[in-house]
file coords_25.tsv (TSV, C-alpha atoms and all ligand atoms)
chain	number	residue	atom	x	y	z
P	1161	MET	CA	33.82	145.38	143.27
P	1162	LYS	CA	35.15	147.86	140.76
P	1163	VAL	CA	37.68	146.73	138.15
P	1164	ASP	CA	39.34	149.10	135.75
P	1165	LEU	CA	39.01	148.01	132.15
P	1166	ALA	CA	40.88	150.20	129.69
P	1167	VAL	CA	37.74	150.56	127.56
P	1168	GLU	CA	37.86	152.95	124.63
P	1169	PRO	CA	34.61	154.88	124.12
P	1170	LEU	CA	32.19	153.63	121.49
P	1171	GLY	CA	32.76	156.76	119.41
P	1172	SER	CA	36.42	155.79	118.96
P	1173	TRP	CA	35.48	152.82	116.77
P	1174	ILE	CA	32.11	153.61	115.27
P	1175	GLN	CA	30.56	156.87	114.17
P	1176	THR	CA	27.02	157.39	115.50
P	1177	ASP	CA	26.85	161.21	115.76
P	1178	GLY	CA	26.02	160.94	119.43
P	1179	LYS	CA	23.00	158.72	118.72
P	1180	PRO	CA	22.52	155.22	120.13
P	1181	LEU	CA	24.47	152.63	118.13
P	1182	ILE	CA	22.12	150.66	115.89
P	1183	ILE	CA	23.24	147.24	114.65
P	1184	ALA	CA	20.76	145.24	112.58
P	1185	GLY	CA	20.82	142.28	110.27
P	1186	PRO	CA	19.74	138.72	109.86
P	1187	CYS	CA	20.13	136.12	112.57
P	1188	SER	CA	22.02	134.07	109.97
P	1189	ALA	CA	23.61	134.76	106.62
P	1190	GLU	CA	21.67	132.24	104.50
P	1191	THR	CA	22.34	133.13	100.86
P	1192	GLU	CA	24.27	135.85	99.11
P	1193	GLU	CA	21.03	137.41	97.86
P	1194	GLN	CA	19.30	137.30	101.27
P	1195	LEU	CA	22.30	138.91	102.99
P	1196	CYS	CA	23.00	141.59	100.39
P	1197	GLU	CA	19.33	142.54	99.94
P	1198	THR	CA	18.76	142.75	103.72
P	1199	ALA	CA	21.89	144.89	104.07
P	1200	ARG	CA	20.80	147.18	101.20
P	1201	GLN	CA	17.34	147.71	102.68
P	1202	LEU	CA	18.78	148.36	106.14
P	1203	LYS	CA	21.27	150.84	104.73
P	1204	ALA	CA	18.40	152.64	102.96
P	1205	LEU	CA	16.78	153.34	106.36
P	1206	GLY	CA	19.64	155.74	107.01
P	1207	ALA	CA	19.68	154.86	110.71
P	1208	VAL	CA	21.76	151.70	110.86
P	1209	HIS	CA	25.44	151.97	111.80
P	1210	ALA	CA	26.50	148.34	111.34
P	1211	ILE	CA	25.10	145.08	109.98
P	1212	ARG	CA	25.06	141.85	111.94
P	1213	ALA	CA	25.00	138.35	110.47
P	1214	GLY	CA	25.48	134.94	112.04
P	1215	VAL	CA	27.93	132.81	110.06
P	1216	TRP	CA	28.62	130.10	112.64
P	1217	LYS	CA	25.46	129.40	114.62
P	1218	PRO	CA	25.85	127.76	118.01
P	1219	ARG	CA	22.63	125.78	118.30
P	1220	THR	CA	21.47	124.29	121.55
P	1221	ARG	CA	20.33	121.13	119.73
P	1222	PRO	CA	22.06	119.53	116.75
P	1223	GLY	CA	20.14	119.33	113.51
P	1224	SER	CA	19.08	122.98	113.37
P	1225	PHE	CA	20.73	125.23	110.81
P	1226	GLU	CA	24.30	125.69	112.00
P	1227	GLY	CA	25.32	128.53	109.71
P	1228	MET	CA	26.98	128.69	106.31
P	1229	GLY	CA	30.47	129.07	107.74
P	1230	GLU	CA	33.33	130.38	105.62
P	1231	ALA	CA	31.19	130.29	102.45
P	1232	ALA	CA	29.21	133.28	103.78
P	1233	LEU	CA	32.27	135.46	104.32
P	1234	PRO	CA	32.68	136.58	100.66
P	1235	TRP	CA	28.98	137.61	100.73
P	1236	ILE	CA	29.78	139.82	103.70
P	1237	GLN	CA	32.62	141.38	101.71
P	1238	ARG	CA	30.18	142.13	98.88
P	1239	ALA	CA	27.48	143.52	101.20
P	1240	LYS	CA	30.11	145.70	102.88
P	1241	ALA	CA	31.29	147.05	99.55
P	1242	GLU	CA	27.71	147.77	98.44
P	1243	THR	CA	26.55	149.47	101.62
P	1244	GLY	CA	29.75	150.89	103.06
P	1245	LEU	CA	28.59	149.66	106.46
P	1246	PRO	CA	30.79	147.75	108.91
P	1247	PHE	CA	29.84	144.13	109.69
P	1248	ALA	CA	29.57	142.25	112.96
P	1249	VAL	CA	29.83	138.45	113.21
P	1250	GLU	CA	29.68	135.98	116.10
P	1251	VAL	CA	32.90	134.08	116.79
P	1252	ALA	CA	33.26	131.11	119.11
P	1253	THR	CA	36.70	129.67	118.30
P	1254	PRO	CA	40.18	130.90	117.30
P	1255	GLU	CA	39.48	129.53	113.81
P	1256	HIS	CA	36.35	131.69	113.47
P	1257	ILE	CA	38.39	134.72	114.52
P	1258	GLU	CA	41.10	134.03	112.00
P	1259	LEU	CA	38.59	133.63	109.16
P	1260	ALA	CA	36.45	136.61	110.16
P	1261	LEU	CA	39.48	138.89	110.29
P	1262	LYS	CA	40.84	137.48	107.01
P	1263	TYR	CA	37.61	138.47	105.25
P	1264	GLY	CA	37.52	141.93	106.83
P	1265	VAL	CA	34.77	141.52	109.44
P	1266	ASP	CA	34.83	144.73	111.48
P	1267	ILE	CA	33.21	143.81	114.79
P	1268	LEU	CA	33.25	140.45	116.56
P	1269	TRP	CA	30.79	139.27	119.15
P	1270	VAL	CA	30.93	136.44	121.63
P	1271	GLY	CA	27.62	134.58	121.87
P	1272	ALA	CA	25.67	133.70	125.00
P	1273	ARG	CA	26.56	130.01	124.73
P	1274	THR	CA	30.26	130.88	124.60
P	1275	THR	CA	30.32	133.40	127.46
P	1276	VAL	CA	29.21	130.61	129.80
P	1277	ASN	CA	32.51	128.78	129.27
P	1278	PRO	CA	35.67	130.38	130.65
P	1279	PHE	CA	37.86	127.94	128.65
P	1280	ASN	CA	36.31	129.08	125.36
P	1281	VAL	CA	36.45	132.72	126.38
P	1282	GLN	CA	40.14	132.37	127.29
P	1283	GLU	CA	40.89	130.73	123.92
P	1284	ILE	CA	39.16	133.62	122.19
P	1285	ALA	CA	41.07	136.16	124.27
P	1286	ASP	CA	44.38	134.43	123.49
P	1287	ALA	CA	43.59	134.39	119.78
P	1288	LEU	CA	42.85	138.11	119.91
P	1289	ARG	CA	46.08	139.12	121.65
P	1290	GLY	CA	47.63	141.95	119.67
P	1291	VAL	CA	44.55	142.42	117.44
P	1292	ASP	CA	42.83	145.79	117.56
P	1293	VAL	CA	39.22	144.86	116.85
P	1294	PRO	CA	35.98	145.75	118.66
P	1295	VAL	CA	34.56	142.81	120.62
P	1296	LEU	CA	31.04	142.70	122.01
P	1297	VAL	CA	30.23	140.11	124.65
P	1298	LYS	CA	26.72	138.76	125.10
P	1299	ASN	CA	25.58	137.92	128.59
P	1300	PRO	CA	25.89	134.23	129.44
P	1301	VAL	CA	22.77	132.11	128.87
P	1302	ASN	CA	22.30	131.63	132.62
P	1303	PRO	CA	22.00	134.57	135.02
P	1304	ASP	CA	25.54	134.48	136.37
P	1305	LEU	CA	27.01	137.96	136.41
P	1306	ALA	CA	30.51	136.70	137.30
P	1307	LEU	CA	30.79	134.83	133.98
P	1308	TRP	CA	29.97	138.02	132.08
P	1309	VAL	CA	32.41	140.05	134.18
P	1310	GLY	CA	35.07	137.34	133.78
P	1311	ALA	CA	34.77	137.42	129.99
P	1312	PHE	CA	35.55	141.16	129.95
P	1313	GLU	CA	38.48	140.63	132.31
P	1314	ARG	CA	39.89	137.89	130.05
P	1315	LEU	CA	39.53	140.01	126.90
P	1316	ALA	CA	40.92	143.10	128.61
P	1317	GLY	CA	43.78	140.92	129.89
P	1318	ALA	CA	44.60	140.13	126.25
P	1319	GLY	CA	44.78	143.85	125.49
P	1320	ILE	CA	41.36	144.29	123.85
P	1321	LYS	CA	40.16	147.83	124.51
P	1322	LYS	CA	37.23	148.25	122.13
P	1323	LEU	CA	34.79	146.36	124.29
P	1324	GLY	CA	31.03	146.42	124.65
P	1325	ALA	CA	28.35	144.31	126.32
P	1326	ILE	CA	25.25	142.90	124.63
P	1327	HIS	CA	22.36	142.25	126.98
P	1328	ARG	CA	20.21	139.47	125.43
P	1329	GLY	CA	18.39	138.23	128.52
P	1330	PHE	CA	18.70	135.02	130.51
P	1331	ALA	CA	17.31	131.51	130.51
P	1332	THR	CA	16.02	130.98	134.03
P	1333	GLY	CA	13.98	127.83	133.54
P	1334	GLU	CA	10.81	129.72	134.42
P	1335	ALA	CA	8.09	130.05	131.82
P	1336	THR	CA	7.64	133.75	131.01
P	1337	LYS	CA	6.24	135.64	128.07
P	1338	TYR	CA	9.78	136.32	126.83
P	1339	ARG	CA	12.15	133.79	125.33
P	1340	ASN	CA	14.88	135.08	127.65
P	1341	VAL	CA	14.03	137.03	130.79
P	1342	PRO	CA	15.71	140.43	130.62
P	1343	MET	CA	16.67	140.72	134.34
P	1344	TRP	CA	17.60	144.35	133.71
P	1345	GLN	CA	19.28	144.58	137.10
P	1346	MET	CA	22.06	142.28	135.83
P	1347	ALA	CA	23.05	144.75	133.14
P	1348	ILE	CA	22.77	147.62	135.60
P	1349	GLU	CA	25.11	145.76	137.95
P	1350	LEU	CA	27.56	145.10	135.12
P	1351	LYS	CA	27.51	148.81	134.35
P	1352	SER	CA	28.23	149.65	137.98
P	1353	ILE	CA	31.25	147.31	137.91
P	1354	PHE	CA	32.50	148.66	134.57
P	1355	PRO	CA	31.12	152.21	134.29
P	1356	GLN	CA	32.95	152.86	130.98
P	1357	LEU	CA	31.62	149.77	129.25
P	1358	PRO	CA	29.00	150.47	126.55
P	1359	ILE	CA	25.86	148.32	126.84
P	1360	ILE	CA	23.79	147.35	123.83
P	1361	GLY	CA	20.32	145.85	124.18
P	1362	ASP	CA	19.36	142.80	122.13
P	1363	PRO	CA	15.55	142.88	122.25
P	1364	SER	CA	15.34	140.15	119.56
P	1365	HIS	CA	16.80	137.38	121.70
P	1366	MET	CA	15.00	138.62	124.80
P	1367	ALA	CA	11.65	138.69	123.03
P	1368	GLY	CA	11.69	135.57	120.88
P	1369	LYS	CA	8.61	137.06	119.21
P	1370	ARG	CA	8.20	140.15	117.04
P	1371	ALA	CA	5.30	141.42	119.17
P	1372	TYR	CA	7.54	142.14	122.17
P	1373	LEU	CA	10.40	143.89	120.38
P	1374	ASN	CA	9.10	147.45	120.77
P	1375	GLU	CA	8.58	147.34	124.50
P	1376	LEU	CA	11.98	145.75	125.12
P	1377	ALA	CA	13.83	148.17	122.82
P	1378	GLN	CA	12.08	151.09	124.53
P	1379	MET	CA	13.01	149.77	127.96
P	1380	ALA	CA	16.67	149.53	126.90
P	1381	MET	CA	16.54	153.13	125.69
P	1382	ASP	CA	14.85	154.26	128.90
P	1383	LEU	CA	17.67	152.64	130.85
P	1384	ASN	CA	20.10	154.72	128.81
P	1385	TYR	CA	21.66	151.84	126.89
P	1386	ASP	CA	24.28	152.82	124.34
P	1387	GLY	CA	22.57	151.03	121.48
P	1388	LEU	CA	20.51	148.18	120.12
P	1389	ILE	CA	21.24	145.05	118.09
P	1390	VAL	CA	18.13	143.79	116.32
P	1391	GLU	CA	17.56	140.88	113.97
P	1392	SER	CA	16.18	141.88	110.60
P	1393	HIS	CA	15.57	139.69	107.54
P	1394	ILE	CA	13.98	140.37	104.14
P	1395	ASP	CA	11.61	137.42	104.63
P	1396	PRO	CA	11.41	136.77	108.39
P	1397	ASP	CA	8.79	134.03	108.27
P	1398	ASN	CA	11.05	131.93	106.08
P	1399	ALA	CA	14.27	132.64	107.97
P	1400	TRP	CA	16.44	129.58	108.61
P	1401	SER	CA	16.90	130.53	112.27
P	1402	ASP	CA	14.94	132.64	114.77
P	1403	ALA	CA	12.07	133.24	112.32
P	1404	ALA	CA	9.55	134.40	114.93
P	1405	GLN	CA	11.66	137.25	116.24
P	1406	GLN	CA	13.02	138.83	113.04
P	1407	LEU	CA	11.60	141.97	111.42
P	1408	THR	CA	11.63	143.08	107.82
P	1409	PRO	CA	13.92	146.10	107.36
P	1410	ALA	CA	10.77	148.21	106.78
P	1411	ALA	CA	9.19	147.05	110.04
P	1412	PHE	CA	12.49	147.68	111.78
P	1413	GLY	CA	12.57	151.23	110.40
P	1414	ASP	CA	9.06	151.70	111.74
P	1415	MET	CA	10.12	150.46	115.16
P	1416	LEU	CA	13.06	152.91	115.20
P	1417	ASP	CA	10.73	155.78	114.24
P	1418	HIS	CA	8.54	155.02	117.24
P	1419	LEU	CA	11.33	154.66	119.77
P	1420	GLN	CA	11.46	157.50	122.22
P	1421	ILE	CA	15.01	158.45	122.98
P	1422	ARG	CA	15.04	160.54	126.10
P	1423	GLN	CA	17.87	162.79	127.18
P	1424	VAL	CA	20.03	161.63	130.07
P	1425	GLU	CA	19.94	165.03	131.75
P	1426	SER	CA	18.42	168.30	130.71
P	1427	GLU	CA	20.20	171.67	130.65
P	1428	ASN	CA	16.94	173.35	131.67
P	1429	LEU	CA	17.41	175.05	135.07
P	1430	GLU	CA	13.83	174.61	136.23
P	1431	PHE	CA	14.07	170.90	135.40
P	1432	GLN	CA	17.29	170.63	137.37
P	1433	GLY	CA	15.69	172.42	140.33
P	1434	VAL	CA	12.77	170.00	140.44
P	1435	MET	CA	15.15	167.05	140.08
P	1436	ASP	CA	17.38	168.25	142.93
P	1437	GLN	CA	14.44	168.87	145.22
P	1438	THR	CA	12.84	165.51	144.43
P	1439	ARG	CA	16.13	163.68	144.96
P	1440	ARG	CA	16.51	165.41	148.36
P	1441	ASN	CA	13.00	164.25	149.25
P	1442	ILE	CA	13.88	160.72	148.20
P	1443	ASP	CA	17.07	160.85	150.30
P	1444	ASN	CA	14.94	161.89	153.24
P	1445	VAL	CA	12.41	159.10	152.75
P	1446	ASP	CA	15.26	156.57	152.37
P	1447	ARG	CA	16.78	157.75	155.65
P	1448	GLN	CA	13.43	157.19	157.34
P	1449	ILE	CA	13.12	153.71	155.81
P	1450	VAL	CA	16.52	152.70	157.21
P	1451	GLU	CA	15.77	154.27	160.60
P	1452	MET	CA	12.45	152.44	160.73
P	1453	LEU	CA	14.18	149.17	159.90
P	1454	ALA	CA	16.60	149.74	162.77
P	1455	ALA	CA	13.70	150.57	165.10
P	1456	ARG	CA	11.86	147.41	164.03
P	1457	MET	CA	14.96	145.32	164.59
P	1458	ALA	CA	15.42	146.78	168.09
P	1459	LEU	CA	11.84	145.71	168.92
P	1460	VAL	CA	12.52	142.23	167.53
P	1461	GLU	CA	15.58	141.99	169.77
P	1462	ARG	CA	13.54	142.91	172.86
P	1463	LEU	CA	10.88	140.41	171.88
P	1464	ALA	CA	13.50	137.70	171.45
P	1465	GLU	CA	14.96	138.36	174.88
P	1466	TYR	CA	11.50	138.10	176.37
P	1467	LYS	CA	10.78	134.85	174.53
P	1468	ARG	CA	14.10	133.42	175.62
P	1469	ASP	CA	13.57	134.35	179.28
P	1470	ASN	CA	10.10	132.77	179.20
P	1471	ASN	CA	11.14	129.66	177.28
P	1472	VAL	CA	8.89	130.32	174.28
P	1473	THR	CA	9.81	129.13	170.77
P	1474	LEU	CA	11.26	131.64	168.43
P	1475	PHE	CA	9.21	131.07	165.30
P	1476	GLN	CA	5.46	131.33	165.41
P	1477	PRO	CA	4.04	130.50	161.97
P	1478	ASP	CA	0.63	132.07	162.55
P	1479	ARG	CA	2.18	135.38	163.47
P	1480	TRP	CA	4.33	135.33	160.30
P	1481	LYS	CA	1.30	134.51	158.15
P	1482	GLU	CA	-0.58	137.41	159.65
P	1483	ILE	CA	2.33	139.82	159.12
P	1484	LEU	CA	2.65	138.83	155.49
P	1485	LYS	CA	-1.10	139.12	154.88
P	1486	THR	CA	-1.65	142.46	156.58
P	1487	ARG	CA	1.47	144.10	155.11
P	1488	THR	CA	0.77	143.04	151.52
P	1489	GLU	CA	-2.86	144.15	151.90
P	1490	LEU	CA	-1.72	147.52	153.18
P	1491	GLY	CA	0.75	147.77	150.30
P	1492	GLN	CA	-1.99	146.99	147.82
P	1493	ARG	CA	-4.22	149.70	149.24
P	1494	LEU	CA	-1.30	152.09	148.77
P	1495	ASN	CA	-0.83	151.01	145.15
P	1496	LEU	CA	2.29	148.94	145.69
P	1497	TYR	CA	2.85	145.67	143.90
P	1498	PRO	CA	1.91	142.89	146.37
P	1499	GLU	CA	5.06	141.00	145.29
P	1500	LEU	CA	7.22	143.96	146.24
P	1501	VAL	CA	5.93	144.09	149.81
P	1502	GLU	CA	6.04	140.31	150.07
P	1503	GLU	CA	9.68	140.11	148.95
P	1504	ILE	CA	10.74	142.92	151.27
P	1505	TYR	CA	9.02	141.25	154.22
P	1506	LYS	CA	10.60	137.90	153.45
P	1507	ILE	CA	14.02	139.53	153.75
P	1508	ILE	CA	13.03	141.39	156.91
P	1509	HIS	CA	11.67	138.18	158.39
P	1510	MET	CA	14.84	136.26	157.56
P	1511	GLU	CA	16.92	138.88	159.31
P	1512	SER	CA	14.52	138.91	162.22
P	1513	ILE	CA	14.90	135.14	162.64
P	1514	ARG	CA	18.66	135.45	162.42
P	1515	LYS	CA	18.65	138.14	165.09
P	1516	GLN	CA	16.33	136.14	167.33
P	1517	THR	CA	18.48	133.02	167.00
P	1518	GLU	CA	21.47	135.09	168.03
P	1519	VAL	CA	19.61	136.38	171.08
P	1520	MET	CA	18.32	132.91	172.00
P	1521	ASN	CA	21.84	131.53	171.97
P	1522	ASN	CA	23.12	134.30	174.19
P	1523	GLN	CA	22.42	133.69	177.84
P	1524	PRO	CA	21.02	136.68	179.75
P	1525	ALA	CA	23.52	138.68	181.75
P	1526	VAL	CA	23.11	137.90	185.46
V	1	LIG	C1	22.44	135.42	117.70
V	1	LIG	O1	22.78	136.59	117.94
V	1	LIG	O2	21.90	135.08	116.66
V	1	LIG	C2	22.61	134.42	118.77
V	1	LIG	C3	22.89	133.16	118.53
V	1	LIG	O3	22.41	134.96	119.95
V	1	LIG	P1	22.64	134.45	121.47
V	1	LIG	O4	24.11	134.14	121.58
V	1	LIG	O5	22.24	135.67	122.24
V	1	LIG	O6	21.74	133.29	121.69
V	2	MN	MN	19.42	134.76	116.41

call {"tool": "encode", "arguments": {"input": "coords_25.tsv", "output": "structure tokens"}}
result
Amino acid sequence: MKVDLAVEPLGSWIQTDGKPLIIAGPCSAETEEQLCETARQLKALGAVHAIRAGVWKPRTRPGSFEGMGEAALPWIQRAKAETGLPFAVEVATPEHIELALKYGVDILWVGARTTVNPFNVQEIADALRGVDVPVLVKNPVNPDLALWVGAFERLAGAGIKKLGAIHRGFATGEATKYRNVPMWQMAIELKSIFPQLPIIGDPSHMAGKRAYLNELAQMAMDLNYDGLIVESHIDPDNAWSDAAQQLTPAAFGDMLDHLQIRQVESENLEFQGVMDQTRRNIDNVDRQIVEMLAARMALVERLAEYKRDNNVTLFQPDRWKEILKTRTELGQRLNLYPELVEEIYKIIHMESIRKQTEVMNNQPAV
């Protein structure tokens, strides 16, 4: 599926001098001093293009800090005036949009708990009709790509052109080291549906803990993301929300200094030659993989015909166990992840059973 969104390039609404877009700021605007001091220190790094701050906080459970609301908006105006940096705020209702725009918020984002609900997203899109403001959309909490895609379609349908995606990871119900599992392939798929759409990585909400921010930010850069949004607070341990994942502006500056930003392609001719040759070799190996799959499937078909003609059952568990064991062991000896070989063989086996069932149900030609 490829849908055309009339997305304007990032550079049309924020100046980054060709560098990845860096948005940083506290999870929540807590006090005027906390917000303005964080913004000042981030500005002093010289590498931040916009400040983020949560004003309305959608909390999964009631009773946690739910944001300062409208009271925080004049602080944003002051921090903007002091730093000259544009501000980004999360909006979840038409009322939030109206207030944010009234106080001169420059960039809006739709949070993960809002993207999951098409009714809310449509209300937001309707409220934005005719407004020319950049809108970033976080992935939905659950790994459902269609909800993310649908949110862009709704916003684009309302005429919003300055669009971007924020990849903040997914809640899958499985216990992992990260607060939200990245599932990078989801963002890659989104990018293949909307090639023009900028994607910004949110390592803070993926990580949940400071210790994992570097590796996640680096991964986003290695996947050629267009930028990062990172939570930074002058006193992270005492933050009113997401304390464990926020960084002081100084620590954030340190993280940026250590990020390796690789070029997408190199102009170097020798490099291009090696790339071309290697890609041709990969094409060749891929062709062999597909041919081998077809050859394997032809054998399965013959086997199925033979089973059918001799009245033998289709599925023999011991044989499947042996296949799985020997193939993953071989993979391991060849330095492949055992899970990789296992997953591939599960798919092959499923197709093999499907094929055999088809053969079994087809009577032999007489
Ligand atoms: C946030 O950015 O502070 C936030 C609430 O994020 P998410 O919507 O990704 O949970
Ligand atoms: Mn947060």

call {"tool": "atom_distance", "arguments": {"input": "coords_25.tsv", "atom1": "atom CA of Leu1202 of chain P", "atom2": "atom CA of Gly1361 of chain P"}}
result
18.3 Å

call {"tool": "residues_near_ligand", "arguments": {"input": "coords_25.tsv", "ligand": "ligand LIG 1 (chain V)", "cutoff": "7 Å", "atoms": "all atoms listed in the file", "output": "list in words"}}
result
Cys1187, Ser1188, Gly1214, Lys1217, Pro1218, Gly1271, Ala1272, Arg1273, Lys1298, Arg1328 and His1365 of chain P

call {"tool": "closest_residue", "arguments": {"input": "coords_25.tsv", "among": "P:Val1519, P:Val1281, P:Leu1259, P:Cys1196", "to": "Leu1463 of chain P", "atoms": "all atoms listed in the file"}}
result
P:Val1519

call {"tool": "atom_distance", "arguments": {"input": "coords_25.tsv", "atom1": "atom CA of Met1415 of chain P", "atom2": "atom CA of Phe1247 of chain P"}}
result
21.4 Å

call {"tool": "residues_near_ligand", "arguments": {"input": "coords_25.tsv", "ligand": "ligand MN 2 (chain V)", "cutoff": "12 Å", "atoms": "all atoms listed in the file", "output": "short mmCIF file (atom, residue, chain, number, x, y, z; two decimals) with C-alpha atoms, in the coordinates of the input"}}
result
data_model
loop_
_atom_site.label_atom_id
_atom_site.label_comp_id
_atom_site.auth_asym_id
_atom_site.auth_seq_id
_atom_site.Cartn_x
_atom_site.Cartn_y
_atom_site.Cartn_z
CA ALA P 1184 20.76 145.24 112.58
CA GLY P 1185 20.82 142.28 110.27
CA PRO P 1186 19.74 138.72 109.86
CA CYS P 1187 20.13 136.12 112.57
CA SER P 1188 22.02 134.07 109.97
CA ALA P 1189 23.61 134.76 106.62
CA ARG P 1212 25.06 141.85 111.94
CA ALA P 1213 25.00 138.35 110.47
CA GLY P 1214 25.48 134.94 112.04
CA VAL P 1215 27.93 132.81 110.06
CA TRP P 1216 28.62 130.10 112.64
CA LYS P 1217 25.46 129.40 114.62
CA PRO P 1218 25.85 127.76 118.01
CA ARG P 1219 22.63 125.78 118.30
CA THR P 1220 21.47 124.29 121.55
CA PHE P 1225 20.73 125.23 110.81
CA GLU P 1226 24.30 125.69 112.00
CA GLY P 1227 25.32 128.53 109.71
CA VAL P 1249 29.83 138.45 113.21
CA GLU P 1250 29.68 135.98 116.10
CA GLY P 1271 27.62 134.58 121.87
CA ALA P 1272 25.67 133.70 125.00
CA ARG P 1273 26.56 130.01 124.73
CA ARG P 1328 20.21 139.47 125.43
CA ARG P 1339 12.15 133.79 125.33
CA ASP P 1362 19.36 142.80 122.13
CA PRO P 1363 15.55 142.88 122.25
CA SER P 1364 15.34 140.15 119.56
CA HIS P 1365 16.80 137.38 121.70
CA MET P 1366 15.00 138.62 124.80
CA ALA P 1367 11.65 138.69 123.03
CA GLY P 1368 11.69 135.57 120.88
CA LYS P 1369 8.61 137.06 119.21
CA ILE P 1389 21.24 145.05 118.09
CA VAL P 1390 18.13 143.79 116.32
CA GLU P 1391 17.56 140.88 113.97
CA SER P 1392 16.18 141.88 110.60
CA HIS P 1393 15.57 139.69 107.54
CA PRO P 1396 11.41 136.77 108.39
CA ALA P 1399 14.27 132.64 107.97
CA TRP P 1400 16.44 129.58 108.61
CA SER P 1401 16.90 130.53 112.27
CA ASP P 1402 14.94 132.64 114.77
CA ALA P 1403 12.07 133.24 112.32
CA ALA P 1404 9.55 134.40 114.93
CA GLN P 1405 11.66 137.25 116.24
CA GLN P 1406 13.02 138.83 113.04
CA LEU P 1407 11.60 141.97 111.42
#

call {"tool": "closest_residue", "arguments": {"input": "coords_25.tsv", "among": "P:Pro1409, P:Pro1358, P:Pro1180, P:Gly1329", "to": "Leu1376 of chain P", "atoms": "all atoms listed in the file"}}
result
P:Gly1329

call {"tool": "atom_distance", "arguments": {"input": "coords_25.tsv", "atom1": "atom CA of Leu1181 of chain P", "atom2": "atom CA of Leu1419 of chain P"}}
result
13.4 Å
